[in-house]
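Colleague: What follows is run.cif; its format and atoms are mmCIF, C-alpha atoms.
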```cif
data_data
#
loop_
_atom_site.label_atom_id
_atom_site.label_comp_id
_atom_site.auth_asym_id
_atom_site.auth_seq_id
_atom_site.Cartn_x
_atom_site.Cartn_y
_atom_site.Cartn_z
CA MET O 1 1.62 120.30 -31.54
CA ALA O 2 4.79 119.86 -33.62
CA SER O 3 4.63 116.07 -33.34
CA GLY O 4 0.95 116.24 -34.22
CA GLU O 5 1.81 118.15 -37.38
CA GLU O 6 4.38 115.56 -38.45
CA ARG O 7 1.89 112.74 -37.99
CA ALA O 8 -0.75 114.66 -39.94
CA TRP O 9 1.68 115.21 -42.84
CA GLU O 10 2.38 111.47 -42.95
CA LEU O 11 -1.33 110.60 -42.99
CA LEU O 12 -2.14 113.25 -45.60
CA ASP O 13 0.67 112.06 -47.86
CA ALA O 14 -0.87 108.57 -47.91
CA LEU O 15 -4.37 109.72 -48.92
CA GLN O 16 -5.83 109.93 -52.42
CA PRO O 17 -6.04 113.62 -53.44
CA GLU O 18 -9.43 113.25 -55.12
CA GLN O 19 -10.90 111.81 -51.92
CA VAL O 20 -9.37 114.53 -49.77
CA SER O 21 -10.64 117.20 -52.16
CA ARG O 22 -14.18 115.87 -52.06
CA ARG O 23 -14.31 115.29 -48.30
CA ALA O 24 -12.69 118.58 -47.32
CA MET O 25 -14.22 120.74 -50.09
CA VAL O 26 -10.82 121.90 -51.32
CA ARG O 27 -9.16 122.05 -54.72
CA TYR O 28 -6.22 119.85 -55.72
CA GLU O 29 -3.74 121.12 -58.28
CA GLU O 30 -2.10 118.06 -59.78
CA GLU O 31 0.53 120.06 -61.66
CA ASN O 32 1.72 121.62 -58.37
CA ALA O 33 0.95 118.59 -56.18
CA ARG O 34 -0.85 120.81 -53.70
CA TYR O 35 -4.24 121.43 -52.15
CA VAL O 36 -5.77 124.91 -52.19
CA LEU O 37 -7.81 125.53 -49.08
CA PRO O 38 -9.91 128.62 -48.23
CA SER O 39 -9.74 129.87 -44.64
CA LEU O 40 -11.18 133.08 -43.19
CA GLY O 41 -11.44 134.72 -46.60
CA TRP O 42 -7.97 133.76 -47.85
CA GLU O 43 -6.46 130.81 -49.70
CA PHE O 44 -3.59 128.61 -48.58
CA ALA O 45 -1.54 126.12 -50.57
CA VAL O 46 -0.76 122.84 -48.84
CA SER O 47 1.99 120.76 -50.46
CA PRO O 48 2.47 117.27 -48.95
CA PRO O 49 5.63 116.48 -50.99
CA ARG O 50 7.31 119.65 -49.71
CA ARG O 51 5.63 119.58 -46.31
CA GLU O 52 4.81 123.24 -46.87
CA ILE O 53 1.87 125.55 -46.20
CA ALA O 54 1.90 128.98 -47.85
CA GLY O 55 -0.52 131.86 -48.30
CA LEU O 56 -1.76 132.36 -51.86
CA THR O 57 -3.87 135.50 -51.60
CA PRO O 58 -3.04 138.99 -50.26
CA GLY O 59 -3.40 138.98 -46.49
CA ALA O 60 -2.95 135.22 -46.14
CA ALA O 61 0.69 135.53 -45.08
CA GLU O 62 -0.27 138.05 -42.39
CA LEU O 63 -3.00 135.76 -41.06
CA ARG O 64 -0.57 132.84 -41.00
CA ALA O 65 2.06 134.91 -39.20
CA ARG O 66 -0.45 135.83 -36.48
CA THR O 67 -2.05 132.40 -36.10
CA ARG O 68 0.53 129.90 -37.38
CA TYR O 69 0.64 127.83 -34.18
CA PHE O 70 -3.08 127.16 -34.63
CA LEU O 71 -3.49 127.44 -38.40
CA ASP O 72 -0.99 124.89 -39.68
CA VAL O 73 -2.01 122.01 -37.44
CA SER O 74 -5.71 122.79 -38.01
CA ILE O 75 -5.34 122.74 -41.80
CA LEU O 76 -3.49 119.43 -41.76
CA TRP O 77 -5.84 117.56 -39.45
CA TYR O 78 -8.84 119.01 -41.27
CA LEU O 79 -7.55 117.67 -44.60
CA VAL O 80 -6.93 114.29 -42.98
CA GLY O 81 -10.20 114.01 -41.10
CA ALA O 82 -12.95 115.98 -42.87
CA LYS O 83 -16.03 113.94 -43.74
CA GLU O 84 -18.62 114.33 -46.50
CA VAL O 85 -21.12 115.60 -43.96
CA GLY O 86 -23.03 118.86 -44.23
CA ARG O 87 -23.57 121.23 -41.36
CA SER O 88 -26.37 120.38 -38.95
CA GLY O 89 -27.58 123.95 -38.46
CA ARG O 90 -27.61 123.34 -34.69
CA LEU O 91 -25.28 125.70 -32.83
CA ILE O 92 -23.57 124.52 -29.65
CA ARG O 93 -21.17 126.01 -27.13
CA PRO O 94 -17.55 124.76 -27.13
CA GLN O 95 -18.27 123.17 -23.75
CA ASP O 96 -21.00 121.08 -25.37
CA LEU O 97 -18.59 119.33 -27.73
CA LYS O 98 -17.71 115.87 -26.42
CA GLY O 99 -15.07 116.44 -23.75
CA GLY O 100 -15.39 120.20 -24.13
CA HIS O 101 -16.72 120.92 -20.64
CA HIS O 102 -13.28 120.33 -19.11
CA PHE O 103 -11.16 121.19 -22.14
CA PHE O 104 -12.25 124.80 -22.77
CA THR O 105 -11.11 126.09 -19.38
CA GLY O 106 -7.87 127.27 -17.79
CA THR O 107 -5.07 127.49 -20.33
CA HIS O 108 -7.55 126.58 -23.08
CA GLU O 109 -9.99 129.38 -22.28
CA LEU O 110 -10.95 131.27 -25.43
CA PRO O 111 -10.10 135.02 -25.63
CA LEU O 112 -13.73 136.12 -25.67
CA THR O 113 -13.28 138.78 -22.96
CA PRO O 114 -10.61 140.70 -24.94
CA LEU O 115 -12.86 140.51 -27.99
CA ALA O 116 -15.82 141.91 -26.03
CA MET O 117 -13.63 144.68 -24.59
CA LYS O 118 -12.34 145.66 -28.02
CA TYR O 119 -15.71 145.78 -29.75
CA GLY O 120 -18.11 146.28 -26.81
CA ALA O 121 -18.91 149.81 -28.01
CA ASP O 122 -17.99 149.33 -31.67
CA ARG O 123 -20.56 147.16 -33.40
CA GLU O 124 -19.64 148.42 -36.87
CA GLY O 125 -15.94 147.83 -36.26
CA PHE O 126 -16.70 144.23 -35.27
CA LEU O 127 -18.79 143.64 -38.39
CA ALA O 128 -16.23 145.31 -40.65
CA ARG O 129 -13.39 143.16 -39.29
CA ALA O 130 -15.50 140.02 -39.72
CA ARG O 131 -16.30 140.96 -43.33
CA SER O 132 -12.57 141.34 -44.01
CA LEU O 133 -12.25 137.71 -42.89
CA GLY O 134 -14.92 136.53 -45.31
CA GLY O 135 -17.55 136.47 -42.55
CA ARG O 136 -21.24 137.00 -43.07
CA GLN O 137 -23.61 138.70 -40.67
CA VAL O 138 -26.21 136.54 -38.92
CA ARG O 139 -28.99 137.45 -36.50
CA TYR O 140 -27.98 136.86 -32.91
CA GLY O 141 -27.21 139.17 -30.02
CA ASP O 142 -26.43 142.82 -30.84
CA ALA O 143 -24.17 141.70 -33.69
CA ALA O 144 -23.10 138.28 -34.90
CA VAL O 145 -21.05 136.81 -37.71
CA GLU O 146 -20.43 133.41 -39.19
CA LEU O 147 -16.80 132.72 -40.06
CA SER O 148 -15.36 129.80 -42.03
CA PRO O 149 -11.97 128.80 -40.66
CA MET O 150 -12.36 125.55 -42.64
CA PRO O 151 -14.82 124.89 -45.47
CA ARG O 152 -16.93 122.40 -43.51
CA ILE O 153 -16.48 123.98 -40.06
CA PRO O 154 -18.30 127.29 -39.58
CA LEU O 155 -18.08 129.26 -36.34
CA THR O 156 -20.56 131.85 -35.09
CA VAL O 157 -19.27 134.73 -32.96
CA ILE O 158 -21.88 136.78 -31.10
CA LEU O 159 -21.29 140.23 -29.62
CA TRP O 160 -23.38 141.76 -26.87
CA LEU O 161 -22.75 145.49 -26.51
CA GLY O 162 -22.09 146.94 -23.08
CA ASP O 163 -24.25 149.54 -21.37
CA GLU O 164 -24.56 151.17 -17.95
CA GLU O 165 -26.14 148.05 -16.51
CA PHE O 166 -24.24 145.19 -18.15
CA PRO O 167 -20.68 144.85 -19.49
CA SER O 168 -20.08 143.77 -23.08
CA ARG O 169 -19.86 140.04 -23.76
CA ALA O 170 -18.89 137.75 -26.61
CA ASP O 171 -19.82 134.15 -27.30
CA LEU O 172 -18.56 131.59 -29.80
CA LEU O 173 -20.66 128.71 -31.10
CA PHE O 174 -19.84 125.68 -33.24
CA ASP O 175 -22.11 123.90 -35.65
CA SER O 176 -22.67 120.56 -33.91
CA SER O 177 -21.15 118.75 -36.90
CA ALA O 178 -17.68 120.16 -36.05
CA ALA O 179 -16.82 117.14 -33.90
CA LEU O 180 -17.29 114.82 -36.89
CA HIS O 181 -14.43 116.41 -38.83
CA VAL O 182 -11.58 117.05 -36.40
CA PRO O 183 -10.58 116.21 -32.80
CA LEU O 184 -11.49 118.47 -29.89
CA ASP O 185 -8.07 120.14 -29.68
CA ILE O 186 -8.26 121.06 -33.37
CA ASN O 187 -11.69 122.63 -32.89
CA TRP O 188 -10.11 124.64 -30.08
CA SER O 189 -7.31 125.69 -32.46
CA LEU O 190 -9.87 126.77 -35.06
CA ALA O 191 -11.69 128.85 -32.46
CA MET O 192 -8.42 130.40 -31.27
CA MET O 193 -7.22 131.35 -34.76
CA SER O 194 -10.62 132.84 -35.62
CA LEU O 195 -10.74 134.98 -32.50
CA ILE O 196 -7.12 136.09 -32.87
CA ALA O 197 -7.89 137.08 -36.46
CA LEU O 198 -10.88 139.13 -35.26
CA LEU O 199 -8.71 140.87 -32.69
#
```
Let me see the file written as C-alpha coordinates.
Modeller:
Amino acid sequence: MASGEERAWELLDALQPEQVSRRAMVRYEEENARYVLPSLGWEFAVSPPRREIAGLTPGAAELRARTRYFLDVSILWYLVGAKEVGRSGRLIRPQDLKGGHHFFTGTHELPLTPLAMKYGADREGFLARARSLGGRQVRYGDAAVELSPMPRIPLTVILWLGDEEFPSRADLLFDSSAALHVPLDINWSLAMMSLIALL
(Lines of atoms letter the chains of each structure in order from A and count residues from 1; the text may use other names and numbers.)
(Lines give C-alpha, C1' and ligand atoms only; values in the text may rest on other atoms or scores of the structure.)
Protein backbone atom coordinates (compact mmCIF):
# COMPACT_ATOMS: atom_id res chain seq x y z
CA MET A 1 0.00 0.00 0.00
CA ALA A 2 3.02 2.32 0.21
CA SER A 3 2.90 3.06 -3.52
CA GLY A 4 -0.83 3.63 -3.21
CA GLU A 5 -0.20 6.21 -0.50
CA GLU A 6 2.31 8.10 -2.65
CA ARG A 7 -0.13 8.26 -5.55
CA ALA A 8 -2.91 9.44 -3.24
CA TRP A 9 -0.69 12.23 -1.87
CA GLU A 10 0.02 13.40 -5.42
CA LEU A 11 -3.67 13.43 -6.34
CA LEU A 12 -4.67 15.16 -3.11
CA ASP A 13 -2.02 17.85 -3.58
CA ALA A 14 -3.54 18.73 -6.96
CA LEU A 15 -7.10 19.17 -5.67
CA GLN A 16 -8.80 22.38 -4.56
CA PRO A 17 -9.10 22.35 -0.74
CA GLU A 18 -12.60 23.85 -0.72
CA GLN A 19 -13.84 21.07 -3.01
CA VAL A 20 -12.18 18.36 -0.93
CA SER A 21 -13.62 19.86 2.26
CA ARG A 22 -17.14 19.90 0.86
CA ARG A 23 -17.02 16.43 -0.71
CA ALA A 24 -15.34 14.71 2.24
CA MET A 25 -17.08 16.69 5.02
CA VAL A 26 -13.77 17.77 6.55
CA ARG A 27 -12.35 21.11 7.65
CA TYR A 28 -9.48 22.85 5.87
CA GLU A 29 -7.19 25.13 7.84
CA GLU A 30 -5.63 27.49 5.33
CA GLU A 31 -3.15 28.93 7.83
CA ASN A 32 -1.75 25.43 8.48
CA ALA A 33 -2.35 24.09 4.95
CA ARG A 34 -3.99 21.00 6.38
CA TYR A 35 -7.26 19.12 6.48
CA VAL A 36 -8.81 18.12 9.80
CA LEU A 37 -10.64 14.83 9.52
CA PRO A 38 -12.69 13.05 12.21
CA SER A 39 -12.29 9.28 12.45
CA LEU A 40 -13.64 6.93 15.12
CA GLY A 41 -14.15 9.75 17.61
CA TRP A 42 -10.77 11.43 17.10
CA GLU A 43 -9.37 14.10 14.80
CA PHE A 44 -6.41 13.79 12.45
CA ALA A 45 -4.49 16.52 10.64
CA VAL A 46 -3.57 15.78 7.03
CA SER A 47 -0.93 18.08 5.53
CA PRO A 48 -0.33 17.61 1.77
CA PRO A 49 2.69 19.98 1.64
CA ARG A 50 4.44 18.00 4.39
CA ARG A 51 3.00 14.64 3.36
CA GLU A 52 2.12 14.14 7.02
CA ILE A 53 -0.79 12.69 8.99
CA ALA A 54 -0.89 13.35 12.74
CA GLY A 55 -3.36 12.85 15.57
CA LEU A 56 -4.84 16.06 16.99
CA THR A 57 -6.94 14.82 19.89
CA PRO A 58 -6.04 12.65 22.91
CA GLY A 59 -6.14 9.01 21.88
CA ALA A 60 -5.65 9.71 18.17
CA ALA A 61 -1.95 8.85 18.27
CA GLU A 62 -2.73 5.52 19.95
CA LEU A 63 -5.35 4.68 17.33
CA ARG A 64 -2.91 5.57 14.55
CA ALA A 65 -0.17 3.45 16.14
CA ARG A 66 -2.50 0.43 16.23
CA THR A 67 -4.04 0.88 12.78
CA ARG A 68 -1.54 2.95 10.78
CA TYR A 69 -1.21 0.45 7.93
CA PHE A 70 -4.94 0.82 7.32
CA LEU A 71 -5.61 4.34 8.59
CA ASP A 72 -3.19 6.41 6.54
CA VAL A 73 -4.03 4.97 3.14
CA SER A 74 -7.77 5.08 3.96
CA ILE A 75 -7.66 8.75 4.93
CA LEU A 76 -5.79 9.73 1.78
CA TRP A 77 -7.97 7.86 -0.69
CA TYR A 78 -11.09 9.02 1.12
CA LEU A 79 -10.03 12.67 0.75
CA VAL A 80 -9.28 12.06 -2.93
CA GLY A 81 -12.41 10.12 -3.78
CA ALA A 82 -15.29 11.11 -1.48
CA LYS A 83 -18.41 12.30 -3.28
CA GLU A 84 -21.18 14.68 -2.23
CA VAL A 85 -23.51 11.73 -1.74
CA GLY A 86 -25.45 11.00 1.42
CA ARG A 87 -25.81 7.56 2.92
CA SER A 88 -28.44 5.30 1.39
CA GLY A 89 -29.62 3.79 4.67
CA ARG A 90 -29.39 0.32 3.07
CA LEU A 91 -26.96 -1.95 4.89
CA ILE A 92 -25.03 -4.57 2.95
CA ARG A 93 -22.47 -7.24 3.76
CA PRO A 94 -18.85 -6.67 2.65
CA GLN A 95 -19.32 -9.54 0.19
CA ASP A 96 -22.15 -7.59 -1.46
CA LEU A 97 -19.90 -4.70 -2.45
CA LYS A 98 -18.91 -4.96 -6.11
CA GLY A 99 -16.09 -7.52 -6.21
CA GLY A 100 -16.46 -8.19 -2.50
CA HIS A 101 -17.55 -11.82 -2.78
CA HIS A 102 -14.01 -12.91 -3.67
CA PHE A 103 -12.11 -10.09 -1.98
CA PHE A 104 -13.26 -10.53 1.64
CA THR A 105 -11.90 -14.06 2.00
CA GLY A 106 -8.57 -15.70 2.78
CA THR A 107 -5.95 -13.14 3.75
CA HIS A 108 -8.61 -10.41 3.55
CA GLU A 109 -11.00 -12.09 5.97
CA LEU A 110 -12.19 -9.64 8.61
CA PRO A 111 -11.37 -10.40 12.30
CA LEU A 112 -15.00 -10.89 13.28
CA THR A 113 -14.38 -14.19 15.12
CA PRO A 114 -11.87 -12.63 17.57
CA LEU A 115 -14.32 -9.79 18.16
CA ALA A 116 -17.14 -12.24 18.91
CA MET A 117 -14.88 -14.23 21.23
CA LYS A 118 -13.83 -11.12 23.13
CA TYR A 119 -17.32 -9.70 23.63
CA GLY A 120 -19.51 -12.81 23.27
CA ALA A 121 -20.41 -12.67 26.97
CA ASP A 122 -19.74 -8.96 27.51
CA ARG A 123 -22.42 -6.88 25.82
CA GLU A 124 -21.74 -3.82 28.00
CA GLY A 125 -18.01 -4.01 27.35
CA PHE A 126 -18.67 -4.05 23.60
CA LEU A 127 -20.97 -1.03 23.82
CA ALA A 128 -18.57 0.86 26.10
CA ARG A 129 -15.64 0.32 23.73
CA ALA A 130 -17.75 1.45 20.77
CA ARG A 131 -18.81 4.61 22.63
CA SER A 132 -15.13 5.40 23.27
CA LEU A 133 -14.71 5.32 19.47
CA GLY A 134 -17.54 7.79 18.92
CA GLY A 135 -19.97 4.98 18.06
CA ARG A 136 -23.70 5.10 18.62
CA GLN A 137 -25.91 2.19 19.56
CA VAL A 138 -28.37 0.92 16.94
CA ARG A 139 -30.98 -1.83 17.10
CA TYR A 140 -29.72 -5.05 15.60
CA GLY A 141 -28.76 -8.41 17.07
CA ASP A 142 -28.06 -8.54 20.82
CA ALA A 143 -26.00 -5.36 20.56
CA ALA A 144 -25.00 -3.21 17.61
CA VAL A 145 -23.14 0.02 17.01
CA GLU A 146 -22.60 2.40 14.14
CA LEU A 147 -19.03 3.65 13.80
CA SER A 148 -17.71 6.42 11.56
CA PRO A 149 -14.23 5.60 10.30
CA MET A 150 -14.74 8.35 7.70
CA PRO A 151 -17.38 11.09 7.76
CA ARG A 152 -19.34 9.74 4.79
CA ILE A 153 -18.67 6.03 5.39
CA PRO A 154 -20.47 4.55 8.41
CA LEU A 155 -20.03 0.93 9.44
CA THR A 156 -22.44 -1.13 11.54
CA VAL A 157 -21.02 -3.87 13.77
CA ILE A 158 -23.51 -6.38 15.18
CA LEU A 159 -22.84 -8.69 18.12
CA TRP A 160 -24.75 -11.89 18.80
CA LEU A 161 -24.11 -13.19 22.32
CA GLY A 162 -23.23 -16.83 22.81
CA ASP A 163 -25.28 -19.32 24.80
CA GLU A 164 -25.37 -23.06 25.44
CA GLU A 165 -26.82 -23.71 22.01
CA PHE A 166 -25.03 -21.24 19.74
CA PRO A 167 -21.56 -19.63 19.86
CA SER A 168 -21.21 -15.85 19.80
CA ARG A 169 -21.01 -14.18 16.40
CA ALA A 170 -20.22 -10.76 14.98
CA ASP A 171 -21.18 -9.19 11.67
CA LEU A 172 -20.08 -6.02 9.92
CA LEU A 173 -22.25 -4.13 7.44
CA PHE A 174 -21.56 -1.20 5.12
CA ASP A 175 -23.97 1.45 3.99
CA SER A 176 -24.40 0.64 0.30
CA SER A 177 -23.07 4.10 -0.61
CA ALA A 178 -19.57 3.13 0.60
CA ALA A 179 -18.54 1.93 -2.86
CA LEU A 180 -19.20 5.40 -4.30
CA HIS A 181 -16.49 7.02 -2.18
CA VAL A 182 -13.49 4.69 -2.14
CA PRO A 183 -12.23 1.53 -3.90
CA LEU A 184 -12.96 -1.93 -2.53
CA ASP A 185 -9.54 -2.37 -0.89
CA ILE A 186 -9.99 0.92 0.99
CA ASN A 187 -13.39 -0.18 2.28
CA TRP A 188 -11.62 -3.33 3.50
CA SER A 189 -9.00 -1.15 5.21
CA LEU A 190 -11.75 0.90 6.89
CA ALA A 191 -13.39 -2.28 8.16
CA MET A 192 -10.06 -3.62 9.41
CA MET A 193 -9.10 -0.46 11.28
CA SER A 194 -12.56 -0.24 12.87
CA LEU A 195 -12.48 -3.83 14.09
CA ILE A 196 -8.90 -3.54 15.35
CA ALA A 197 -9.92 -0.41 17.25
CA LEU A 198 -12.84 -2.31 18.82
CA LEU A 199 -10.51 -5.10 19.87
Colleague: Mind telling me what the PyMOL selection byres ((chain O and resi 87) around 12) catches here, as a short mmCIF file (atom, residue, chain, number, x, y, z; two decimals) with C-alpha atoms, in the coordinates of the input?
Modeller:
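This went into out-v5.cif:
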```
data_model
loop_
_atom_site.label_atom_id
_atom_site.label_comp_id
_atom_site.auth_asym_id
_atom_site.auth_seq_id
_atom_site.Cartn_x
_atom_site.Cartn_y
_atom_site.Cartn_z
CA ALA O 82 -12.95 115.98 -42.87
CA LYS O 83 -16.03 113.94 -43.74
CA GLU O 84 -18.62 114.33 -46.50
CA VAL O 85 -21.12 115.60 -43.96
CA GLY O 86 -23.03 118.86 -44.23
CA SER O 88 -26.37 120.38 -38.95
CA GLY O 89 -27.58 123.95 -38.46
CA ARG O 90 -27.61 123.34 -34.69
CA LEU O 91 -25.28 125.70 -32.83
CA SER O 148 -15.36 129.80 -42.03
CA PRO O 151 -14.82 124.89 -45.47
CA ARG O 152 -16.93 122.40 -43.51
CA ILE O 153 -16.48 123.98 -40.06
CA PRO O 154 -18.30 127.29 -39.58
CA LEU O 155 -18.08 129.26 -36.34
CA PHE O 174 -19.84 125.68 -33.24
CA ASP O 175 -22.11 123.90 -35.65
CA SER O 176 -22.67 120.56 -33.91
CA SER O 177 -21.15 118.75 -36.90
CA ALA O 178 -17.68 120.16 -36.05
CA ALA O 179 -16.82 117.14 -33.90
CA LEU O 180 -17.29 114.82 -36.89
CA HIS O 181 -14.43 116.41 -38.83
#
```
Colleague: I'd like the neighbourhood of range 41-47 of chain O as an NGL selection string, where a residue qualifies if any of its atoms comes within 8 Å (using only C-alpha atoms), though same-chain residues fewer than 6 positions away should be ignored.
Modeller: :O and (32-35 or 53-60 or 132-135 or 148)
Colleague: What is the CA of Arg169 in chain O to CA of Ala116 in chain O distance in Å?
Modeller: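 Here the two named atoms are 5.0 Å from each other.
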Colleague: Nearest residue to Ile186 in chain O out of O:His108, O:Arg64, O:His101, O:Arg51, using all atoms listed in the file?
Modeller: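 The answer is O:His108, which sits nearest to Ile186 in chain O.
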Colleague: Calculated over all atoms listed in the file, which of the candidates O:Leu195, O:Arg68, O:Leu161, O:Asp96 has the smallest distance to Met117 in chain O?
Modeller: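 Of O:Leu195, O:Arg68, O:Leu161, O:Asp96, the one nearest Met117 in chain O is O:Leu161, counting all atoms listed in the file.
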Colleague: Which one of O:Ser189, O:Ser39, O:Thr105, O:Gln16 sits closest to Trp77 in chain O if you count all atoms listed in the file?
Modeller: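 Smallest separation from Trp77 in chain O among the options: O:Ser189.
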Colleague: Could you list the residues chosen by the PyMOL selection byres ((chain O and resi 129) around 12) in this structure as a PyMOL selection string?
Modeller: chain O and resi 40-41+115+118-119+122-128+130-137+144-145+147+194-199
Colleague: Suppose a student applies the PyMOL selection byres ((chain O and resi 69) around 10) to this structure; what residues should they get, written as a PDB file with C-alpha atoms, in the coordinates of the input?
Modeller:
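For reference, part-v7.pdb as written:
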```pdb
ATOM      1  CA  MET O   1       1.620 120.300 -31.540  1.00  0.00           C
ATOM      2  CA  ALA O   2       4.790 119.860 -33.620  1.00  0.00           C
ATOM      3  CA  ARG O  64      -0.570 132.840 -41.000  1.00  0.00           C
ATOM      4  CA  ALA O  65       2.060 134.910 -39.200  1.00  0.00           C
ATOM      5  CA  ARG O  66      -0.450 135.830 -36.480  1.00  0.00           C
ATOM      6  CA  THR O  67      -2.050 132.400 -36.100  1.00  0.00           C
ATOM      7  CA  ARG O  68       0.530 129.900 -37.380  1.00  0.00           C
ATOM      8  CA  PHE O  70      -3.080 127.160 -34.630  1.00  0.00           C
ATOM      9  CA  LEU O  71      -3.490 127.440 -38.400  1.00  0.00           C
ATOM     10  CA  ASP O  72      -0.990 124.890 -39.680  1.00  0.00           C
ATOM     11  CA  VAL O  73      -2.010 122.010 -37.440  1.00  0.00           C
ATOM     12  CA  SER O  74      -5.710 122.790 -38.010  1.00  0.00           C
ATOM     13  CA  SER O 189      -7.310 125.690 -32.460  1.00  0.00           C
ATOM     14  CA  MET O 192      -8.420 130.400 -31.270  1.00  0.00           C
ATOM     15  CA  MET O 193      -7.220 131.350 -34.760  1.00  0.00           C
TER      16      MET O 193
END
```
Colleague: Report, in Å to a single decimal, how far apart CA of Ala191 in chain O and CA of Leu110 in chain O are.
Modeller: 7.5 Å
Colleague: Can you work out the spacing between CA of Leu15 in chain O and CA of Pro149 in chain O in Å, to one decimal?
Modeller: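 Distance reported for this atom pair: 22.1 Å.
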Colleague: Hey, can you pull every residue with an atom no more than 10 Å from (-4.1, 113.9, -61.1), using all atoms listed in the file, and send it as a short mmCIF file (atom, residue, chain, number, x, y, z; two decimals) with C-alpha atoms, in the frame of the given file?
Modeller:
```cif
data_model
loop_
_atom_site.label_atom_id
_atom_site.label_comp_id
_atom_site.auth_asym_id
_atom_site.auth_seq_id
_atom_site.Cartn_x
_atom_site.Cartn_y
_atom_site.Cartn_z
CA GLN O 16 -5.83 109.93 -52.42
CA PRO O 17 -6.04 113.62 -53.44
CA GLU O 18 -9.43 113.25 -55.12
CA TYR O 28 -6.22 119.85 -55.72
CA GLU O 29 -3.74 121.12 -58.28
CA GLU O 30 -2.10 118.06 -59.78
CA GLU O 31 0.53 120.06 -61.66
CA ALA O 33 0.95 118.59 -56.18
#
```
Colleague: Here is a test: counting all atoms listed in the file, which residue of O:Met150, O:Ser21, O:Pro183, O:Ala170 is nearest to Pro114 in chain O?
Modeller: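 So, comparing all the options, the nearest one is O:Ala170.
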Colleague: Between O:Asp185, O:Thr113, O:Arg93, O:Leu37, which is the closest to Ile75 in chain O once you count all atoms listed in the file?
Modeller: O:Leu37
Colleague: Generate the coordinates of N, CA, C and O atoms for range 94-119 of chain O; report them as a CSV table (one decimal), keeping the file's coordinate frame.
Modeller:
```csv
chain,number,residue,atom,x,y,z
O,94,PRO,N,-18.7,125.6,-27.2
O,94,PRO,CA,-17.6,124.8,-27.1
O,94,PRO,C,-17.6,123.7,-26.0
O,94,PRO,O,-17.2,122.6,-26.2
O,95,GLN,N,-18.2,124.1,-24.9
O,95,GLN,CA,-18.3,123.2,-23.8
O,95,GLN,C,-19.2,122.0,-24.0
O,95,GLN,O,-19.1,121.0,-23.4
O,96,ASP,N,-20.1,122.1,-25.0
O,96,ASP,CA,-21.0,121.1,-25.4
O,96,ASP,C,-20.5,120.1,-26.4
O,96,ASP,O,-21.1,119.1,-26.7
O,97,LEU,N,-19.3,120.4,-26.9
O,97,LEU,CA,-18.6,119.3,-27.7
O,97,LEU,C,-18.2,118.2,-26.8
O,97,LEU,O,-17.9,118.4,-25.6
O,98,LYS,N,-18.1,117.0,-27.3
O,98,LYS,CA,-17.7,115.9,-26.4
O,98,LYS,C,-16.3,116.1,-25.8
O,98,LYS,O,-15.4,116.3,-26.5
O,99,GLY,N,-16.3,116.2,-24.5
O,99,GLY,CA,-15.1,116.4,-23.8
O,99,GLY,C,-14.8,117.9,-23.6
O,99,GLY,O,-13.8,118.3,-22.9
O,100,GLY,N,-15.6,118.8,-24.1
O,100,GLY,CA,-15.4,120.2,-24.1
O,100,GLY,C,-15.6,120.9,-22.8
O,100,GLY,O,-15.0,121.9,-22.5
O,101,HIS,N,-16.4,120.3,-21.9
O,101,HIS,CA,-16.7,120.9,-20.6
O,101,HIS,C,-15.4,121.2,-19.8
O,101,HIS,O,-15.3,122.2,-19.2
O,102,HIS,N,-14.5,120.2,-19.9
O,102,HIS,CA,-13.3,120.3,-19.1
O,102,HIS,C,-12.2,120.9,-20.0
O,102,HIS,O,-11.3,121.6,-19.4
O,103,PHE,N,-12.3,120.8,-21.3
O,103,PHE,CA,-11.2,121.2,-22.1
O,103,PHE,C,-11.1,122.7,-22.3
O,103,PHE,O,-10.0,123.3,-22.3
O,104,PHE,N,-12.2,123.4,-22.5
O,104,PHE,CA,-12.2,124.8,-22.8
O,104,PHE,C,-12.2,125.6,-21.5
O,104,PHE,O,-13.0,126.5,-21.3
O,105,THR,N,-11.3,125.3,-20.6
O,105,THR,CA,-11.1,126.1,-19.4
O,105,THR,C,-9.6,126.3,-19.1
O,105,THR,O,-8.8,125.7,-19.8
O,106,GLY,N,-9.3,127.1,-18.2
O,106,GLY,CA,-7.9,127.3,-17.8
O,106,GLY,C,-7.0,127.8,-18.9
O,106,GLY,O,-7.4,128.8,-19.6
O,107,THR,N,-6.0,127.1,-19.3
O,107,THR,CA,-5.1,127.5,-20.3
O,107,THR,C,-5.7,127.4,-21.7
O,107,THR,O,-5.2,128.0,-22.7
O,108,HIS,N,-6.8,126.7,-21.8
O,108,HIS,CA,-7.6,126.6,-23.1
O,108,HIS,C,-8.8,127.5,-23.2
O,108,HIS,O,-9.6,127.4,-24.1
O,109,GLU,N,-8.9,128.4,-22.2
O,109,GLU,CA,-10.0,129.4,-22.3
O,109,GLU,C,-9.9,130.3,-23.5
O,109,GLU,O,-8.8,130.8,-23.8
O,110,LEU,N,-11.0,130.5,-24.2
O,110,LEU,CA,-11.0,131.3,-25.4
O,110,LEU,C,-10.9,132.8,-25.1
O,110,LEU,O,-11.5,133.2,-24.1
O,111,PRO,N,-10.2,133.6,-25.9
O,111,PRO,CA,-10.1,135.0,-25.6
O,111,PRO,C,-11.4,135.8,-26.0
O,111,PRO,O,-11.3,136.8,-26.8
O,112,LEU,N,-12.5,135.4,-25.4
O,112,LEU,CA,-13.7,136.1,-25.7
O,112,LEU,C,-13.8,137.4,-24.9
O,112,LEU,O,-14.4,138.4,-25.4
O,113,THR,N,-13.2,137.5,-23.7
O,113,THR,CA,-13.3,138.8,-23.0
O,113,THR,C,-12.5,139.9,-23.7
O,113,THR,O,-13.0,141.0,-23.8
O,114,PRO,N,-11.3,139.6,-24.2
O,114,PRO,CA,-10.6,140.7,-24.9
O,114,PRO,C,-11.4,141.1,-26.2
O,114,PRO,O,-11.4,142.3,-26.5
O,115,LEU,N,-12.1,140.2,-26.8
O,115,LEU,CA,-12.9,140.5,-28.0
O,115,LEU,C,-14.0,141.4,-27.6
O,115,LEU,O,-14.3,142.4,-28.3
O,116,ALA,N,-14.7,141.1,-26.5
O,116,ALA,CA,-15.8,141.9,-26.0
O,116,ALA,C,-15.3,143.3,-25.6
O,116,ALA,O,-16.0,144.3,-25.9
O,117,MET,N,-14.2,143.4,-25.0
O,117,MET,CA,-13.6,144.7,-24.6
O,117,MET,C,-13.3,145.5,-25.8
O,117,MET,O,-13.5,146.7,-25.8
O,118,LYS,N,-12.7,144.9,-26.8
O,118,LYS,CA,-12.3,145.7,-28.0
O,118,LYS,C,-13.5,146.2,-28.8
O,118,LYS,O,-13.5,147.3,-29.2
O,119,TYR,N,-14.6,145.4,-28.9
O,119,TYR,CA,-15.7,145.8,-29.8
O,119,TYR,C,-17.0,146.1,-29.0
O,119,TYR,O,-18.0,146.3,-29.6
```
